[in-house]
Amino acid sequence: MKPSIYIAASGALANQFRMEILANNLSNLDTVGFKKDQAILRGITPFNLLSENLYIAPRFQSQSPFIVYAPTLVVLDGTTSDFSPGQLKATNNSLDLALDGPGFFSVDTPEGIRYTRKGNFTLNQKGEIVTEEGFPLLGEGGKIKVGGGEVAINSKGEVIINGSPVDRIKVVDFPRPYRLKKQGNGLFVPLNSRIKEKPAEGVEVKQGYLETSNVDPVDTLVKMIEVLRTYESFQKLIQATDESMAKAINEVGKTR
Amino acid sequence: MLRTLWIAASGMEAQTLNIDVIANNLANVNTCGFKRSRADFQDLMYQTLRPPGVASSQATEVPTGIQLGQGTRPVSVQKIFIQGDYQQTQNELDLAIEGDGFFQIMQPNGEIAYTRAGAFKLDSEGRIVTSDGFPIEPELSVPWDSKSIYVGTDGTVSVLEAGQTEPVQIGNIQLAKFVNPAGLQSIGRNLYLPTSSSGEATTGTPGEDGFGTIAQGYLEMSNVSVVEEMVDMIIAQRAYEINSKAIQTADEMLQIANNMRR
């Protein structure tokens, strides 16, 4: 079999994955604190294809024996999140918090501490600041209890109830590039336990604001068109390979 | 490829819910004491095809891995309890709460419900009731020959009876407060019921312990801002549209795949 048919198939598959990632970004166009994902594609030369098809182009043989043709497959190598900030949207809601600058809120989930930029917090019946799933937001002194009073949060993240500060929201950061994976629900978790949080610098907590999703609809639409047309090109490549093989099988050895 | 269809469909469903919530807010733009709702979304779980952070050899690890998101889902429709505007009505039984708190209303089933809609009336027995005829709790009865009713900022209700020159106090309006008002359950008719998430009601005198004060002759209007809702509606509609484009693209890609073999 000609390797070009596999190459084209691998390219088509990789673009299917890209399309899935784009669709997920688009469906989260309105998700608070969402960070878009990107596909990382990589070319690989599988060993079996290499050994079978290592092919020294005859034209160049006299000059250099090393010009070879090595079939390269395209595969999805990984996905990364783009941590660029989303726009801040004013909501006037006292428990809507946005981080203006790099950093994350820490929330206490049953699986351990998770990190998020999703700032649409609420209160639970004990009067603690929690996420919408009920996971407590962590301050310097653990859970932040505000009771039923008027909550004011300043840019340093200090929580002030009826004029007196009770706690400070813990905003943390990680060494760049971020090595965090998504857990769904807007939560991030470090890839391994060696990645340690550190206090965030140059970040302000803004009360009454939410960070919107950082998905750019126009950019995503353009990428979607690109994916579609690339996918189509791979289809044409498969068809062309198929045709040339058909010719080789049916016509080259034909006796009249 | 089929995954793309479902992912984009989840986005379209989410935006449908968003539009529903916005439509309800807009429908209640003139409902006194109405609090707007907001639909919040979050990303669904991720399908991990290759876990990031696992060791790729003794000394190295996979830096990124492959995580495919599965779309979005609505996580809550939250009531936003910010103050609505006040409207002066001159009506002596129109009461507005300036600050935190809810009026307590006795429902026919004996359960107390809570409201911020202060357009009260009198029923045939002289009780102060809501527009649906549910009496305020604790019950306040106005003598039939009263000329006027006065409600103080601390909730003291007094009446001036015919032939008298001094008003007589007939009772007090008490307000209720919740730790987490966003956790209240809306039951329609501008009424809310407590839930385990809102916590139990604590009652108190208006103006004390963080309770709001009462303003007679004013109504609290809906806190829906038409401009804000309109902008949200445009965003929701476009988000819906763009997700449908993702479905179209996926559909076209499937067609291309089907046409591969001629």
# chains A, B, ... in the order shown; residues from 1 in each chain; ligands from 1
>>> residues_around(residues="Asp219 (chain A)", least_positions_apart="5", cutoff="12 Å", atoms="only C-alpha atoms", output="ChimeraX atom specification")
/A:22,25-26,36,214,224-226 /B:242
>>> write_last_selection(atoms="all heavy atoms", output="PDB file, in the first residue's frame")
ATOM      1  N   LEU A  22     -12.331  22.949  18.807  1.00  0.00           N
ATOM      2  CA  LEU A  22     -12.961  24.233  18.444  1.00  0.00           C
ATOM      3  C   LEU A  22     -14.425  24.251  18.874  1.00  0.00           C
ATOM      4  O   LEU A  22     -14.927  25.253  19.398  1.00  0.00           O
ATOM      5  CB  LEU A  22     -12.855  24.468  16.937  1.00  0.00           C
ATOM      6  CG  LEU A  22     -11.458  24.737  16.388  1.00  0.00           C
ATOM      7  CD1 LEU A  22     -11.499  24.862  14.872  1.00  0.00           C
ATOM      8  CD2 LEU A  22     -10.870  25.996  17.003  1.00  0.00           C
ATOM      9  N   ASN A  25     -14.623  24.842  22.536  1.00  0.00           N
ATOM     10  CA  ASN A  25     -14.377  26.260  22.836  1.00  0.00           C
ATOM     11  C   ASN A  25     -15.629  27.081  22.567  1.00  0.00           C
ATOM     12  O   ASN A  25     -16.034  27.907  23.382  1.00  0.00           O
ATOM     13  CB  ASN A  25     -13.229  26.798  21.983  1.00  0.00           C
ATOM     14  CG  ASN A  25     -11.879  26.267  22.434  1.00  0.00           C
ATOM     15  OD1 ASN A  25     -11.765  25.696  23.504  1.00  0.00           O
ATOM     16  ND2 ASN A  25     -10.871  26.449  21.620  1.00  0.00           N
ATOM     17  N   LEU A  26     -16.244  26.821  21.401  1.00  0.00           N
ATOM     18  CA  LEU A  26     -17.429  27.609  21.025  1.00  0.00           C
ATOM     19  C   LEU A  26     -18.584  27.364  21.969  1.00  0.00           C
ATOM     20  O   LEU A  26     -19.318  28.285  22.320  1.00  0.00           O
ATOM     21  CB  LEU A  26     -17.859  27.257  19.603  1.00  0.00           C
ATOM     22  CG  LEU A  26     -17.134  27.987  18.492  1.00  0.00           C
ATOM     23  CD1 LEU A  26     -17.716  27.586  17.155  1.00  0.00           C
ATOM     24  CD2 LEU A  26     -17.255  29.494  18.677  1.00  0.00           C
ATOM     25  N   LYS A  36      -9.719  28.794  26.657  1.00  0.00           N
ATOM     26  CA  LYS A  36      -9.822  27.980  25.442  1.00  0.00           C
ATOM     27  C   LYS A  36      -8.660  27.003  25.318  1.00  0.00           C
ATOM     28  O   LYS A  36      -7.574  27.252  25.849  1.00  0.00           O
ATOM     29  CB  LYS A  36      -9.916  28.884  24.223  1.00  0.00           C
ATOM     30  CG  LYS A  36      -8.696  29.731  23.979  1.00  0.00           C
ATOM     31  CD  LYS A  36      -8.940  30.717  22.846  1.00  0.00           C
ATOM     32  CE  LYS A  36      -7.758  31.642  22.681  1.00  0.00           C
ATOM     33  NZ  LYS A  36      -8.051  32.795  21.847  1.00  0.00           N
ATOM     34  N   ASN A 214     -12.446  33.390  27.363  1.00  0.00           N
ATOM     35  CA  ASN A 214     -11.472  34.039  26.469  1.00  0.00           C
ATOM     36  C   ASN A 214     -11.561  33.520  25.033  1.00  0.00           C
ATOM     37  O   ASN A 214     -10.646  33.714  24.243  1.00  0.00           O
ATOM     38  CB  ASN A 214     -10.050  33.939  27.030  1.00  0.00           C
ATOM     39  CG  ASN A 214      -9.472  32.542  26.929  1.00  0.00           C
ATOM     40  OD1 ASN A 214     -10.177  31.594  26.642  1.00  0.00           O
ATOM     41  ND2 ASN A 214      -8.189  32.416  27.180  1.00  0.00           N
ATOM     42  N   MET A 224     -12.270  27.230  12.083  1.00  0.00           N
ATOM     43  CA  MET A 224     -13.203  26.172  11.732  1.00  0.00           C
ATOM     44  C   MET A 224     -13.253  25.992  10.215  1.00  0.00           C
ATOM     45  O   MET A 224     -13.273  24.870   9.713  1.00  0.00           O
ATOM     46  CB  MET A 224     -14.581  26.542  12.271  1.00  0.00           C
ATOM     47  CG  MET A 224     -15.376  25.380  12.766  1.00  0.00           C
ATOM     48  SD  MET A 224     -16.583  25.916  13.975  1.00  0.00           S
ATOM     49  CE  MET A 224     -17.790  26.682  12.962  1.00  0.00           C
ATOM     50  N   ILE A 225     -13.245  27.109   9.498  1.00  0.00           N
ATOM     51  CA  ILE A 225     -13.250  27.044   8.031  1.00  0.00           C
ATOM     52  C   ILE A 225     -11.958  26.388   7.550  1.00  0.00           C
ATOM     53  O   ILE A 225     -11.954  25.513   6.687  1.00  0.00           O
ATOM     54  CB  ILE A 225     -13.400  28.467   7.426  1.00  0.00           C
ATOM     55  CG1 ILE A 225     -14.761  29.043   7.796  1.00  0.00           C
ATOM     56  CG2 ILE A 225     -13.209  28.449   5.924  1.00  0.00           C
ATOM     57  CD1 ILE A 225     -14.927  30.513   7.503  1.00  0.00           C
ATOM     58  N   GLU A 226     -10.857  26.792   8.193  1.00  0.00           N
ATOM     59  CA  GLU A 226      -9.554  26.235   7.821  1.00  0.00           C
ATOM     60  C   GLU A 226      -9.551  24.714   8.029  1.00  0.00           C
ATOM     61  O   GLU A 226      -9.104  23.962   7.163  1.00  0.00           O
ATOM     62  CB  GLU A 226      -8.477  26.907   8.675  1.00  0.00           C
ATOM     63  CG  GLU A 226      -7.075  26.560   8.262  1.00  0.00           C
ATOM     64  CD  GLU A 226      -6.150  26.473   9.450  1.00  0.00           C
ATOM     65  OE1 GLU A 226      -6.251  27.331  10.339  1.00  0.00           O
ATOM     66  OE2 GLU A 226      -5.357  25.532   9.499  1.00  0.00           O
TER      67      GLU A 226
ATOM     68  N   ILE B 242     -23.347  30.683  16.422  1.00  0.00           N
ATOM     69  CA  ILE B 242     -21.996  30.218  16.116  1.00  0.00           C
ATOM     70  C   ILE B 242     -21.858  28.731  16.441  1.00  0.00           C
ATOM     71  O   ILE B 242     -21.151  27.997  15.750  1.00  0.00           O
ATOM     72  CB  ILE B 242     -20.949  31.094  16.840  1.00  0.00           C
ATOM     73  CG1 ILE B 242     -19.622  31.041  16.094  1.00  0.00           C
ATOM     74  CG2 ILE B 242     -20.788  30.728  18.269  1.00  0.00           C
ATOM     75  CD1 ILE B 242     -18.683  32.125  16.490  1.00  0.00           C
TER      76      ILE B 242
END
>>> closest_atom_pairs(of="chain B", to="chain A", cutoff="8 Å", atoms="only C-alpha atoms", output="CSV")
residue,atom,partner,partner_atom,distance
B:Met1,CA,A:Gln16,CA,6.0
B:Arg3,CA,A:Glu20,CA,6.7
B:Thr4,CA,A:Glu20,CA,4.8
B:Ile7,CA,A:Asn24,CA,5.8
B:Ala8,CA,A:Ala23,CA,5.5
B:Ala9,CA,A:Ser27,CA,7.9
B:Ser10,CA,A:Ser27,CA,6.6
B:Gly11,CA,A:Ser27,CA,3.9
B:Met12,CA,A:Ser27,CA,7.2
B:Asp40,CA,A:Thr31,CA,7.0
B:Phe41,CA,A:Thr31,CA,5.0
B:Gln42,CA,A:Asn185,CA,5.1
B:Asp43,CA,A:Asn185,CA,5.2
B:Leu44,CA,A:Gly184,CA,5.1
B:Met45,CA,A:Gly184,CA,4.3
B:Tyr46,CA,A:Gly184,CA,6.0
B:Arg50,CA,A:Gly78,CA,7.9
B:Pro52,CA,A:Leu191,CA,6.4
B:Gly53,CA,A:Leu191,CA,4.9
B:Pro63,CA,A:Arg179,CA,7.5
B:Thr64,CA,A:Gly78,CA,5.4
B:Gly65,CA,A:Gly78,CA,4.7
B:Ile66,CA,A:Gly78,CA,4.4
B:Gln67,CA,A:Thr79,CA,6.0
B:Leu68,CA,A:Ile21,CA,6.4
B:Gly69,CA,A:Asn24,CA,5.7
B:Gln70,CA,A:Asn24,CA,6.3
B:Gly71,CA,A:Asn24,CA,4.8
B:Thr72,CA,A:Asn28,CA,5.7
B:Val75,CA,A:Glu132,CA,7.2
B:Ser76,CA,A:Glu132,CA,7.0
B:Ile80,CA,A:Asn93,CA,6.9
B:Phe81,CA,A:Asn93,CA,7.9
B:Ile82,CA,A:Asn93,CA,6.7
B:Lys177,CA,A:Gly148,CA,7.8
B:Phe178,CA,A:Gly148,CA,6.5
B:Val179,CA,A:Gly148,CA,4.2
B:Asn180,CA,A:Leu123,CA,5.3
B:Ala182,CA,A:Thr122,CA,7.3
B:Gly183,CA,A:Asn124,CA,7.7
B:Ser196,CA,A:Gln125,CA,6.5
B:Ser197,CA,A:Gln125,CA,4.7
B:Ser198,CA,A:Gln125,CA,5.2
B:Gly199,CA,A:Gln125,CA,4.5
B:Gly210,CA,A:Gly149,CA,7.0
B:Ala236,CA,A:Asp30,CA,7.9
B:Ala239,CA,A:Leu29,CA,6.6
B:Ile242,CA,A:Leu26,CA,7.2
B:Asn243,CA,A:Leu26,CA,6.2
B:Ala246,CA,A:Ala23,CA,5.9
B:Thr249,CA,A:Leu228,CA,6.6
B:Ala250,CA,A:Met19,CA,7.6
B:Glu252,CA,A:Leu228,CA,7.7
B:Met253,CA,A:Leu228,CA,6.4
B:Ile256,CA,A:Glu232,CA,6.4
B:Ala257,CA,A:Gln235,CA,7.0
B:Met260,CA,A:Gln235,CA,5.8
B:Arg261,CA,A:Gln239,CA,6.9
B:Arg262,CA,A:Gln239,CA,7.9
>>> closest_residue(among="A:Leu138, A:Val205, A:Ala14, A:Ile195", to="Glu158 (chain A)", atoms="only C-alpha atoms")
A:Val205
>>> residues_around(residues="Val29 (chain B)", least_positions_apart="4", cutoff="7 Å", atoms="only C-alpha atoms", output="list in words")
Asn25, Ser222 and Val224 of chain B
>>> residues_around(residues="Gln169 (chain B)", least_positions_apart="2", cutoff="6 Å", atoms="only C-alpha atoms", output="PyMOL selection string")
chain B and resi 157-158+171
>>> atom_distance(atom1="CA of Val227 (chain B)", atom2="CA of Asn28 (chain B)")
14.0 Å
>>> residues_around(residues="Ser244 (chain A)", least_positions_apart="5", cutoff="12 Å", atoms="only C-alpha atoms", output="mmCIF file with N, CA, C and O atoms, in the first residue's frame")
data_model
loop_
_atom_site.group_PDB
_atom_site.id
_atom_site.type_symbol
_atom_site.label_atom_id
_atom_site.label_comp_id
_atom_site.auth_asym_id
_atom_site.auth_seq_id
_atom_site.Cartn_x
_atom_site.Cartn_y
_atom_site.Cartn_z
ATOM 1 N N MET A 1 0.835 -1.208 0.000
ATOM 2 C CA MET A 1 0.000 0.000 0.000
ATOM 3 C C MET A 1 0.858 1.242 0.000
ATOM 4 O O MET A 1 1.889 1.290 0.679
ATOM 5 N N LYS A 2 0.400 2.227 -0.673
ATOM 6 C CA LYS A 2 1.136 3.489 -0.683
ATOM 7 C C LYS A 2 0.969 4.191 0.652
ATOM 8 O O LYS A 2 -0.149 4.274 1.156
ATOM 9 N N SER A 4 0.994 7.238 1.214
ATOM 10 C CA SER A 4 0.305 8.534 1.144
ATOM 11 C C SER A 4 -1.138 8.422 1.611
ATOM 12 O O SER A 4 -1.705 9.380 2.139
ATOM 13 N N ILE A 5 -1.742 7.253 1.457
ATOM 14 C CA ILE A 5 -3.133 7.112 1.876
ATOM 15 C C ILE A 5 -3.229 7.183 3.409
ATOM 16 O O ILE A 5 -4.154 7.773 3.965
ATOM 17 N N LEU A 237 -6.766 13.992 -1.415
ATOM 18 C CA LEU A 237 -5.503 13.250 -1.469
ATOM 19 C C LEU A 237 -5.782 11.750 -1.424
ATOM 20 O O LEU A 237 -5.169 10.967 -2.165
ATOM 21 N N ILE A 238 -6.703 11.363 -0.554
ATOM 22 C CA ILE A 238 -7.066 9.947 -0.453
ATOM 23 C C ILE A 238 -7.666 9.479 -1.783
ATOM 24 O O ILE A 238 -7.316 8.411 -2.302
ATOM 25 N N GLN A 239 -8.530 10.305 -2.350
ATOM 26 C CA GLN A 239 -9.151 9.941 -3.625
ATOM 27 C C GLN A 239 -8.118 9.802 -4.736
ATOM 28 O O GLN A 239 -8.161 8.854 -5.514
ATOM 29 N N ILE A 249 -3.389 -1.063 -10.751
ATOM 30 C CA ILE A 249 -3.894 -2.426 -10.684
ATOM 31 C C ILE A 249 -4.629 -2.796 -11.973
ATOM 32 O O ILE A 249 -4.418 -3.865 -12.548
ATOM 33 N N ASN A 250 -5.472 -1.901 -12.455
ATOM 34 C CA ASN A 250 -6.362 -2.268 -13.550
ATOM 35 C C ASN A 250 -5.811 -1.974 -14.940
ATOM 36 O O ASN A 250 -6.202 -2.625 -15.896
ATOM 37 N N GLU A 251 -4.958 -0.962 -15.049
ATOM 38 C CA GLU A 251 -4.597 -0.538 -16.396
ATOM 39 C C GLU A 251 -3.167 -0.842 -16.803
ATOM 40 O O GLU A 251 -2.905 -1.148 -17.961
ATOM 41 N N VAL A 252 -2.213 -0.784 -15.841
ATOM 42 C CA VAL A 252 -0.812 -0.951 -16.216
ATOM 43 C C VAL A 252 -0.577 -2.329 -16.805
ATOM 44 O O VAL A 252 0.056 -2.493 -17.847
#
>>> residues_around(residues="region 116-122 of chain B", least_positions_apart="3", cutoff="6 Å", atoms="only C-alpha atoms", output="PDB file with N, CA, C and O atoms, in the first residue's frame")
ATOM      1  N   CYS B  32     -43.167  44.646  40.392  1.00  0.00           N
ATOM      2  CA  CYS B  32     -42.541  45.283  41.545  1.00  0.00           C
ATOM      3  C   CYS B  32     -41.907  44.232  42.448  1.00  0.00           C
ATOM      4  O   CYS B  32     -42.454  43.142  42.645  1.00  0.00           O
ATOM      5  N   GLY B  33     -40.725  44.522  42.942  1.00  0.00           N
ATOM      6  CA  GLY B  33     -40.000  43.613  43.829  1.00  0.00           C
ATOM      7  C   GLY B  33     -39.355  42.438  43.116  1.00  0.00           C
ATOM      8  O   GLY B  33     -38.796  41.559  43.758  1.00  0.00           O
ATOM      9  N   LEU B  93     -50.190  52.301  51.512  1.00  0.00           N
ATOM     10  CA  LEU B  93     -49.873  50.883  51.750  1.00  0.00           C
ATOM     11  C   LEU B  93     -48.815  50.351  50.779  1.00  0.00           C
ATOM     12  O   LEU B  93     -48.622  49.144  50.665  1.00  0.00           O
ATOM     13  N   ASP B  94     -48.170  51.234  50.056  1.00  0.00           N
ATOM     14  CA  ASP B  94     -47.022  50.813  49.249  1.00  0.00           C
ATOM     15  C   ASP B  94     -45.780  50.970  50.100  1.00  0.00           C
ATOM     16  O   ASP B  94     -45.421  52.088  50.489  1.00  0.00           O
ATOM     17  N   LEU B  95     -45.130  49.848  50.403  1.00  0.00           N
ATOM     18  CA  LEU B  95     -43.963  49.876  51.290  1.00  0.00           C
ATOM     19  C   LEU B  95     -42.745  49.330  50.558  1.00  0.00           C
ATOM     20  O   LEU B  95     -42.828  48.302  49.889  1.00  0.00           O
ATOM     21  N   ALA B  96     -41.660  50.020  50.685  1.00  0.00           N
ATOM     22  CA  ALA B  96     -40.413  49.537  50.081  1.00  0.00           C
ATOM     23  C   ALA B  96     -39.404  49.297  51.191  1.00  0.00           C
ATOM     24  O   ALA B  96     -39.394  50.006  52.199  1.00  0.00           O
ATOM     25  N   PHE B 102     -36.884  40.873  53.965  1.00  0.00           N
ATOM     26  CA  PHE B 102     -38.070  40.456  53.219  1.00  0.00           C
ATOM     27  C   PHE B 102     -39.287  40.638  54.109  1.00  0.00           C
ATOM     28  O   PHE B 102     -39.204  40.460  55.329  1.00  0.00           O
ATOM     29  N   GLY B 126     -60.155  44.216  56.957  1.00  0.00           N
ATOM     30  CA  GLY B 126     -59.236  45.254  57.401  1.00  0.00           C
ATOM     31  C   GLY B 126     -57.802  44.773  57.574  1.00  0.00           C
ATOM     32  O   GLY B 126     -56.954  45.520  58.064  1.00  0.00           O
ATOM     33  N   ARG B 127     -57.511  43.526  57.179  1.00  0.00           N
ATOM     34  CA  ARG B 127     -56.138  43.031  57.316  1.00  0.00           C
ATOM     35  C   ARG B 127     -55.261  43.589  56.188  1.00  0.00           C
ATOM     36  O   ARG B 127     -55.747  43.795  55.073  1.00  0.00           O
ATOM     37  N   ILE B 128     -53.970  43.800  56.475  1.00  0.00           N
ATOM     38  CA  ILE B 128     -53.028  44.217  55.424  1.00  0.00           C
ATOM     39  C   ILE B 128     -52.607  42.953  54.676  1.00  0.00           C
ATOM     40  O   ILE B 128     -52.059  42.017  55.282  1.00  0.00           O
ATOM     41  N   VAL B 129     -52.906  42.913  53.374  1.00  0.00           N
ATOM     42  CA  VAL B 129     -52.652  41.704  52.585  1.00  0.00           C
ATOM     43  C   VAL B 129     -51.896  42.054  51.308  1.00  0.00           C
ATOM     44  O   VAL B 129     -51.820  43.216  50.915  1.00  0.00           O
ATOM     45  N   THR B 130     -51.357  40.999  50.656  1.00  0.00           N
ATOM     46  CA  THR B 130     -50.720  41.192  49.351  1.00  0.00           C
ATOM     47  C   THR B 130     -51.809  41.280  48.293  1.00  0.00           C
ATOM     48  O   THR B 130     -52.993  41.099  48.597  1.00  0.00           O
TER      49      THR B 130
END
>>> select_by_dssp(residues="region 54-199 of chain A", states="helix (DSSP H, G or I)", output="PyMOL selection string")
chain A and resi 58-61
>>> atom_distance(atom1="CA of Ile235 (chain B)", atom2="CA of Lys206 (chain A)")
22.9 Å
